[in-house]
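Notes follow once the structure below has been shown.
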Amino acid sequence: MQQPSVLVVGAGAVGGFYGAILHRAGAAVSVVSRSDYDRIVSDGIRVDSTLGDLSYRPGAVYRQADDCPQPPDYLLLTVKVVDGLDRAALIRGAVGPGTTIVMIENGIDIEPEIAAAFPSNPLISALAFVAVTRIAPAHLEHKAYGHLVLGDYPLGAGEGVQQFAAMLDKGGVSGKVRDNVLRERWRKCVWNVAFNPTSVLAGGADTQTMLNAPGSEAFIRSLMEEVCLVAAAEGQALDLSLIDGILEQTRQMPPYKNSMAEDFLHHRPMEVEAILGNVVRLARKHDVAVPHLSSIYALIGMLLANREAPRA
């Protein structure tokens, strides 16, 4: 049987890690990378992992998706969802009639842009539960977890999703298929909205610092409860008991600086709107009071405005 071909667009921490998993599963993995292009061409991608050494050499390395000569079977879109980035244009040159697009990205309401641009292509929405960091060019450190929760967008779990999940399982991480991936996206949002912006406002704090500082756990719990209120208003009601489980799992993790904290510390664009802004706007749409979320959204806006303001 021919190896499925995979093109990873955005070979950073998440893209590089799942590229490694699919490579170990036997897929023919190529990557698109601008910042790490030269290092990947010369040395491949180094992945120090709790699963062992996952380092690999992609079959091909491109500076942009348009350079890919043949459309892949699977295109993994793993770039950050930030203002000003046209994700559809970024991948258009590599998408063929038989390409399944797999979005492994954070945020709420981020699929419509891709679904509208490629209405004839299967679209899998996936959520990464993984602690992985890019510690140097083309060098990743995987500290914990790794499973993906995935399903067809907007609903369903067809054969294509099942096959992709099987590849993940073969590569060493679990692919957990769900019929309602949008509800799962809200579940992950409970963690992301609470820990990502808070880490920025705390100066790039790691998870243990955020949980152990006086009064911090109660504050984080308040953020999570407000996310659940917005999810319910969107028709994706969540059991509030999940908050206790999320907090306990986070306590069991090694201290981890999330992606927004890393982006803040390195002065890179952050996924503020996709992760937090969209939730606040949906709360306003449904007239749901979210005072804690609104406050941190305003504070993040002030922080960014101050960072970008010209200095005398």
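For the structure tokens, the naming scheme is as follows: chains receive sequential letters (A, B, ...) according to their order of presentation, residues are indexed from 1 within each chain, and ligands are indexed from 1 in presentation order.
Residues lying within 12 Å of A:Asp239, counting only C-alpha atoms and ignoring same-chain neighbours fewer than 2 positions away, are Arg183, Glu184, Trp186, Arg187, Val190, Met224, Glu225, Val227, Cys228, Leu229, Ala231, Ala232, Gln236, Ala237, Ser241, Leu242, Ile243, Asp244, Gly245 and Ile246 of chain A.
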* Asked: Got a sec: who's within 10 Å of A:Asp83, counting only C-alpha atoms, leaving out chain neighbours fewer than 5 positions off, as a list of chain:residue names?
  -> A:Pro269, A:Met270, A:Glu271, A:Val272, A:Glu273, A:Ala274
* May I have the residues within 12 Å of A:Phe264 as a PyMOL selection string, using only C-alpha atoms and disregarding those fewer than 3 positions away in the same chain? => chain A and resi 196-205+257-261+267-272+300+303-304+307
Kindly export the residues of the current selection with C-alpha atoms, as a PDB file, in the first residue's frame.
```
ATOM      1  CA  ASN A 196      -2.882  31.742  27.736  1.00  0.00           C
ATOM      2  CA  PRO A 197      -3.879  35.400  28.337  1.00  0.00           C
ATOM      3  CA  THR A 198      -3.199  35.083  32.063  1.00  0.00           C
ATOM      4  CA  SER A 199       0.340  33.938  31.341  1.00  0.00           C
ATOM      5  CA  VAL A 200       0.916  37.066  29.271  1.00  0.00           C
ATOM      6  CA  LEU A 201      -0.470  39.399  31.924  1.00  0.00           C
ATOM      7  CA  ALA A 202       1.726  37.610  34.477  1.00  0.00           C
ATOM      8  CA  GLY A 203       4.838  38.382  32.433  1.00  0.00           C
ATOM      9  CA  GLY A 204       5.150  35.007  30.723  1.00  0.00           C
ATOM     10  CA  ALA A 205       4.449  32.828  33.761  1.00  0.00           C
ATOM     11  CA  LYS A 257       5.035  28.041  29.323  1.00  0.00           C
ATOM     12  CA  ASN A 258       2.175  27.973  26.848  1.00  0.00           C
ATOM     13  CA  SER A 259       2.399  29.191  23.282  1.00  0.00           C
ATOM     14  CA  MET A 260       1.014  32.663  23.994  1.00  0.00           C
ATOM     15  CA  ALA A 261       3.523  33.169  26.795  1.00  0.00           C
ATOM     16  CA  HIS A 267       7.755  39.623  20.730  1.00  0.00           C
ATOM     17  CA  ARG A 268       5.886  37.510  18.193  1.00  0.00           C
ATOM     18  CA  PRO A 269       2.236  37.988  17.133  1.00  0.00           C
ATOM     19  CA  MET A 270      -0.161  36.354  19.581  1.00  0.00           C
ATOM     20  CA  GLU A 271      -3.460  34.541  19.008  1.00  0.00           C
ATOM     21  CA  VAL A 272      -5.406  36.935  21.208  1.00  0.00           C
ATOM     22  CA  ILE A 300      -4.143  42.531  26.883  1.00  0.00           C
ATOM     23  CA  LEU A 303      -0.388  45.811  26.879  1.00  0.00           C
ATOM     24  CA  LEU A 304      -0.092  45.334  23.130  1.00  0.00           C
ATOM     25  CA  ARG A 307       4.363  47.605  23.354  1.00  0.00           C
TER      26      ARG A 307
END
```
* A:Leu76 surroundings by only C-alpha atoms, 7 Å radius, close-in-sequence under 5 positions cut, as a VMD selection string -> chain A and resid 7 to 9 101 to 104
* Excluding same-chain residues fewer than 2 positions from A:Met167, what lies within 9 Å of it counting only C-alpha atoms, as number ranges by chain? -> A: 21-22, 25-27, 162-165, 169-172, 175
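Using only C-alpha atoms, the contacts of A:Leu127 at a cut-off of 7 Å, with sequence neighbours closer than 5 positions omitted, comprise A:Ile104, A:Glu105, A:Leu148, A:Val149, A:Leu150, A:Arg185.
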Please run DSSP on the backbone and report, as a short mmCIF file (atom, residue, chain, number, x, y, z; two decimals) with N, CA and C atoms, in the first residue's frame, all residues within stretch 45-154 of chain A that come out as strand (DSSP E).
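Just written: selection_17.cif:
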```
data_model
loop_
_atom_site.label_atom_id
_atom_site.label_comp_id
_atom_site.auth_asym_id
_atom_site.auth_seq_id
_atom_site.Cartn_x
_atom_site.Cartn_y
_atom_site.Cartn_z
N ARG A 46 14.80 18.08 14.92
CA ARG A 46 15.13 17.36 16.15
C ARG A 46 13.96 17.46 17.12
N VAL A 47 13.52 16.31 17.61
CA VAL A 47 12.40 16.28 18.56
C VAL A 47 12.80 15.44 19.76
N ASP A 48 13.12 16.11 20.87
CA ASP A 48 13.39 15.43 22.14
C ASP A 48 12.06 15.22 22.83
N SER A 49 11.67 13.97 23.01
CA SER A 49 10.31 13.68 23.43
C SER A 49 10.25 12.68 24.57
N GLY A 52 10.55 9.25 23.33
CA GLY A 52 11.83 8.85 22.76
C GLY A 52 12.30 9.89 21.77
N ASP A 53 13.33 9.56 21.03
CA ASP A 53 13.86 10.47 20.02
C ASP A 53 12.98 10.39 18.78
N VAL A 61 11.41 19.91 1.85
CA VAL A 61 11.24 21.13 2.64
C VAL A 61 10.99 22.28 1.68
N TYR A 62 9.94 23.04 1.92
CA TYR A 62 9.56 24.15 1.04
C TYR A 62 9.49 25.44 1.85
N TYR A 74 -2.91 14.61 2.73
CA TYR A 74 -3.31 15.38 3.92
C TYR A 74 -2.46 16.64 4.00
N LEU A 75 -3.09 17.76 4.23
CA LEU A 75 -2.38 19.00 4.48
C LEU A 75 -2.67 19.42 5.91
N LEU A 76 -1.63 19.44 6.74
CA LEU A 76 -1.78 19.86 8.14
C LEU A 76 -1.53 21.36 8.23
N LEU A 77 -2.55 22.10 8.62
CA LEU A 77 -2.43 23.53 8.80
C LEU A 77 -2.21 23.79 10.28
N THR A 100 -7.20 16.26 1.91
CA THR A 100 -7.93 16.49 3.15
C THR A 100 -7.16 17.50 3.98
N ILE A 101 -7.84 18.57 4.38
CA ILE A 101 -7.20 19.62 5.19
C ILE A 101 -7.44 19.30 6.66
N VAL A 102 -6.36 19.28 7.43
CA VAL A 102 -6.44 19.01 8.86
C VAL A 102 -5.96 20.26 9.60
N MET A 103 -6.88 20.93 10.25
CA MET A 103 -6.55 22.13 11.01
C MET A 103 -6.20 21.75 12.45
N ILE A 104 -4.93 21.91 12.82
CA ILE A 104 -4.52 21.71 14.21
C ILE A 104 -4.15 23.09 14.74
N LEU A 123 -12.64 18.61 5.51
CA LEU A 123 -11.99 19.46 6.50
C LEU A 123 -12.11 18.79 7.87
N ILE A 124 -10.97 18.46 8.44
CA ILE A 124 -10.90 17.90 9.79
C ILE A 124 -10.45 18.99 10.74
N SER A 125 -11.22 19.19 11.78
CA SER A 125 -10.83 20.14 12.83
C SER A 125 -10.23 19.33 13.97
N ALA A 126 -9.03 19.74 14.41
CA ALA A 126 -8.31 18.96 15.41
C ALA A 126 -7.77 19.85 16.51
N LEU A 127 -7.74 19.31 17.71
CA LEU A 127 -7.28 20.03 18.89
C LEU A 127 -6.12 19.27 19.50
N ALA A 128 -4.99 19.95 19.65
CA ALA A 128 -3.80 19.32 20.20
C ALA A 128 -3.74 19.50 21.71
N PHE A 129 -3.60 18.41 22.42
CA PHE A 129 -3.39 18.44 23.86
C PHE A 129 -1.95 17.98 24.09
N VAL A 130 -1.04 18.93 24.02
CA VAL A 130 0.37 18.59 24.02
C VAL A 130 1.17 19.74 24.62
N ALA A 131 2.21 19.39 25.36
CA ALA A 131 3.15 20.39 25.86
C ALA A 131 4.44 20.22 25.05
N VAL A 132 4.58 21.03 24.02
CA VAL A 132 5.75 20.97 23.16
C VAL A 132 6.20 22.39 22.85
N THR A 133 7.51 22.60 22.85
CA THR A 133 8.07 23.93 22.69
C THR A 133 9.21 23.90 21.68
N ARG A 134 9.29 24.93 20.87
CA ARG A 134 10.44 25.11 19.97
C ARG A 134 11.51 25.83 20.78
N ILE A 135 12.60 25.12 21.10
CA ILE A 135 13.62 25.70 21.96
C ILE A 135 14.79 26.27 21.18
N ALA A 136 14.86 25.95 19.89
CA ALA A 136 15.89 26.48 18.99
C ALA A 136 15.41 26.19 17.57
N HIS A 139 14.40 22.60 16.50
CA HIS A 139 14.67 21.78 17.69
C HIS A 139 13.50 21.93 18.66
N LEU A 140 12.80 20.82 18.90
CA LEU A 140 11.60 20.83 19.71
C LEU A 140 11.81 20.01 20.97
N GLU A 141 11.13 20.44 22.04
CA GLU A 141 11.12 19.68 23.29
C GLU A 141 9.68 19.34 23.64
N HIS A 142 9.40 18.05 23.66
CA HIS A 142 8.07 17.55 24.00
C HIS A 142 8.09 17.08 25.44
N LYS A 143 7.27 17.75 26.30
CA LYS A 143 7.32 17.48 27.73
C LYS A 143 6.18 16.59 28.22
N ALA A 144 5.01 16.65 27.59
CA ALA A 144 3.87 15.90 28.13
C ALA A 144 2.76 15.78 27.10
N TYR A 145 1.94 14.76 27.29
CA TYR A 145 0.74 14.53 26.50
C TYR A 145 1.05 14.41 25.00
N GLY A 146 0.07 14.68 24.17
CA GLY A 146 0.28 14.56 22.74
C GLY A 146 -0.94 14.14 21.95
N HIS A 147 -2.03 13.76 22.61
CA HIS A 147 -3.17 13.26 21.85
C HIS A 147 -3.89 14.39 21.11
N LEU A 148 -4.54 14.01 20.03
CA LEU A 148 -5.39 14.92 19.26
C LEU A 148 -6.84 14.51 19.43
N VAL A 149 -7.72 15.47 19.60
CA VAL A 149 -9.16 15.26 19.51
C VAL A 149 -9.60 15.83 18.18
N LEU A 150 -10.31 15.04 17.38
CA LEU A 150 -10.59 15.46 16.01
C LEU A 150 -11.93 14.94 15.52
N GLY A 151 -12.44 15.64 14.51
CA GLY A 151 -13.69 15.25 13.88
C GLY A 151 -13.90 16.05 12.61
N ASP A 152 -14.87 15.63 11.83
CA ASP A 152 -15.22 16.39 10.63
C ASP A 152 -15.82 17.73 11.04
#
```
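Distances from A:Asp67, A:Asp179, A:Glu111, A:Glu248 to A:Arg92 were compared using only C-alpha atoms, and the smallest one belongs to A:Asp67.
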* Might you pull out every residue within 9 Å of A:Asp109, with only C-alpha atoms counted and same-chain residues fewer than 5 positions away left off, and present them as a list in words? => Leu182, Ala274, Asn278 and Val279 of chain A
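Pairwise distance (atom CA of A:Thr207, atom CA of A:Gln252) equals 10.1 Å.
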* Pick the closest to A:Gly10 from A:Thr209, A:Ser174, A:Gln64, A:Ser55: which is it, counting only C-alpha atoms? -> A:Gln64
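With distances restricted to only C-alpha atoms, A:Ala60 is the closest residue to A:Ser42 from A:Ala60, A:Leu238, A:Leu168, A:Ala233.
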* To do: Name the closest residue to A:Asn212 among the candidates A:Pro255, A:Gly44, A:Gly96, A:Gly235; distances are taken between atoms, counting only C-alpha atoms.
  => A:Pro255
* May I have all residues of stretch 9-117 of chain A that DSSP, computed from the backbone, assigns to helix (DSSP H, G or I), given as a PyMOL selection string? => chain A and resi 13-24+37-43+65-67+87-94+112-117
Generate a file of the selected residues that holds N, CA and C atoms, formatted as an mmCIF file, in the first residue's frame.
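Saved to result01.cif:
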```cif
data_model
loop_
_atom_site.group_PDB
_atom_site.id
_atom_site.type_symbol
_atom_site.label_atom_id
_atom_site.label_comp_id
_atom_site.auth_asym_id
_atom_site.auth_seq_id
_atom_site.Cartn_x
_atom_site.Cartn_y
_atom_site.Cartn_z
ATOM 1 N N ALA A 13 6.492 24.247 16.623
ATOM 2 C CA ALA A 13 6.402 23.249 17.688
ATOM 3 C C ALA A 13 5.327 22.209 17.398
ATOM 4 N N VAL A 14 4.104 22.656 17.155
ATOM 5 C CA VAL A 14 2.998 21.716 16.948
ATOM 6 C C VAL A 14 3.143 20.989 15.610
ATOM 7 N N GLY A 15 3.391 21.729 14.543
ATOM 8 C CA GLY A 15 3.519 21.098 13.242
ATOM 9 C C GLY A 15 4.682 20.135 13.170
ATOM 10 N N GLY A 16 5.817 20.545 13.737
ATOM 11 C CA GLY A 16 6.985 19.669 13.727
ATOM 12 C C GLY A 16 6.757 18.402 14.525
ATOM 13 N N PHE A 17 6.044 18.524 15.657
ATOM 14 C CA PHE A 17 5.782 17.348 16.496
ATOM 15 C C PHE A 17 4.867 16.352 15.790
ATOM 16 N N TYR A 18 3.746 16.839 15.256
ATOM 17 C CA TYR A 18 2.822 15.899 14.614
ATOM 18 C C TYR A 18 3.366 15.390 13.275
ATOM 19 N N GLY A 19 4.236 16.171 12.638
ATOM 20 C CA GLY A 19 4.950 15.647 11.490
ATOM 21 C C GLY A 19 5.801 14.453 11.897
ATOM 22 N N ALA A 20 6.449 14.549 13.066
ATOM 23 C CA ALA A 20 7.265 13.448 13.572
ATOM 24 C C ALA A 20 6.423 12.205 13.855
ATOM 25 N N ILE A 21 5.254 12.415 14.448
ATOM 26 C CA ILE A 21 4.362 11.295 14.755
ATOM 27 C C ILE A 21 3.916 10.594 13.472
ATOM 28 N N LEU A 22 3.535 11.366 12.467
ATOM 29 C CA LEU A 22 3.063 10.776 11.216
ATOM 30 C C LEU A 22 4.212 10.139 10.442
ATOM 31 N N HIS A 23 5.410 10.718 10.555
ATOM 32 C CA HIS A 23 6.589 10.102 9.940
ATOM 33 C C HIS A 23 6.848 8.733 10.569
ATOM 34 N N ARG A 24 6.738 8.662 11.886
ATOM 35 C CA ARG A 24 6.947 7.380 12.572
ATOM 36 C C ARG A 24 5.867 6.369 12.206
ATOM 37 N N TYR A 37 13.930 27.060 7.538
ATOM 38 C CA TYR A 37 14.146 26.328 6.282
ATOM 39 C C TYR A 37 15.565 25.777 6.171
ATOM 40 N N ASP A 38 16.561 26.625 6.317
ATOM 41 C CA ASP A 38 17.947 26.192 6.117
ATOM 42 C C ASP A 38 18.354 25.109 7.106
ATOM 43 N N ARG A 39 17.946 25.255 8.369
ATOM 44 C CA ARG A 39 18.314 24.272 9.383
ATOM 45 C C ARG A 39 17.647 22.912 9.105
ATOM 46 N N ILE A 40 16.375 22.953 8.680
ATOM 47 C CA ILE A 40 15.686 21.689 8.400
ATOM 48 C C ILE A 40 16.305 20.996 7.195
ATOM 49 N N VAL A 41 16.644 21.761 6.171
ATOM 50 C CA VAL A 41 17.274 21.173 4.989
ATOM 51 C C VAL A 41 18.589 20.496 5.369
ATOM 52 N N SER A 42 19.372 21.129 6.221
ATOM 53 C CA SER A 42 20.692 20.585 6.548
ATOM 54 C C SER A 42 20.645 19.479 7.594
ATOM 55 N N ASP A 43 19.766 19.622 8.602
ATOM 56 C CA ASP A 43 19.813 18.710 9.748
ATOM 57 C C ASP A 43 18.506 17.982 10.049
ATOM 58 N N ALA A 65 3.919 26.893 0.448
ATOM 59 C CA ALA A 65 3.123 25.762 -0.019
ATOM 60 C C ALA A 65 3.042 25.711 -1.539
ATOM 61 N N ASP A 66 3.113 26.869 -2.182
ATOM 62 C CA ASP A 66 3.037 26.907 -3.650
ATOM 63 C C ASP A 66 4.175 26.128 -4.300
ATOM 64 N N ASP A 67 5.261 25.896 -3.571
ATOM 65 C CA ASP A 67 6.408 25.184 -4.135
ATOM 66 C C ASP A 67 6.205 23.675 -4.176
ATOM 67 N N ARG A 87 -4.884 32.588 5.859
ATOM 68 C CA ARG A 87 -4.534 31.174 5.906
ATOM 69 C C ARG A 87 -4.949 30.437 4.634
ATOM 70 N N ALA A 88 -6.055 30.834 4.041
ATOM 71 C CA ALA A 88 -6.491 30.184 2.801
ATOM 72 C C ALA A 88 -5.481 30.428 1.684
ATOM 73 N N ALA A 89 -5.016 31.664 1.557
ATOM 74 C CA ALA A 89 -4.020 31.975 0.534
ATOM 75 C C ALA A 89 -2.719 31.241 0.807
ATOM 76 N N LEU A 90 -2.403 31.051 2.065
ATOM 77 C CA LEU A 90 -1.154 30.397 2.458
ATOM 78 C C LEU A 90 -1.074 28.959 1.943
ATOM 79 N N ILE A 91 -2.215 28.263 1.901
ATOM 80 C CA ILE A 91 -2.196 26.848 1.526
ATOM 81 C C ILE A 91 -2.758 26.564 0.142
ATOM 82 N N ARG A 92 -3.354 27.572 -0.518
ATOM 83 C CA ARG A 92 -4.108 27.334 -1.750
ATOM 84 C C ARG A 92 -3.293 26.598 -2.812
ATOM 85 N N GLY A 93 -2.015 26.963 -2.970
ATOM 86 C CA GLY A 93 -1.207 26.374 -4.025
ATOM 87 C C GLY A 93 -0.921 24.900 -3.849
ATOM 88 N N ALA A 94 -1.137 24.354 -2.639
ATOM 89 C CA ALA A 94 -0.844 22.947 -2.379
ATOM 90 C C ALA A 94 -2.086 22.073 -2.266
ATOM 91 N N PRO A 112 -14.523 28.561 9.630
ATOM 92 C CA PRO A 112 -15.290 29.043 8.472
ATOM 93 C C PRO A 112 -14.446 29.614 7.339
ATOM 94 N N GLU A 113 -13.366 30.304 7.647
ATOM 95 C CA GLU A 113 -12.504 30.872 6.608
ATOM 96 C C GLU A 113 -11.975 29.788 5.676
ATOM 97 N N ILE A 114 -11.528 28.676 6.237
ATOM 98 C CA ILE A 114 -10.972 27.584 5.431
ATOM 99 C C ILE A 114 -12.080 26.799 4.733
ATOM 100 N N ALA A 115 -13.176 26.561 5.430
ATOM 101 C CA ALA A 115 -14.294 25.826 4.821
ATOM 102 C C ALA A 115 -14.862 26.572 3.616
ATOM 103 N N ALA A 116 -14.947 27.895 3.709
ATOM 104 C CA ALA A 116 -15.480 28.688 2.598
ATOM 105 C C ALA A 116 -14.514 28.710 1.415
ATOM 106 N N ALA A 117 -13.225 28.698 1.693
ATOM 107 C CA ALA A 117 -12.230 28.761 0.620
ATOM 108 C C ALA A 117 -12.085 27.437 -0.115
#
```
* Using atom CA of A:Tyr297 and atom CA of A:Pro254 as the two end points, give the distance in Å to one decimal. => 27.1 Å
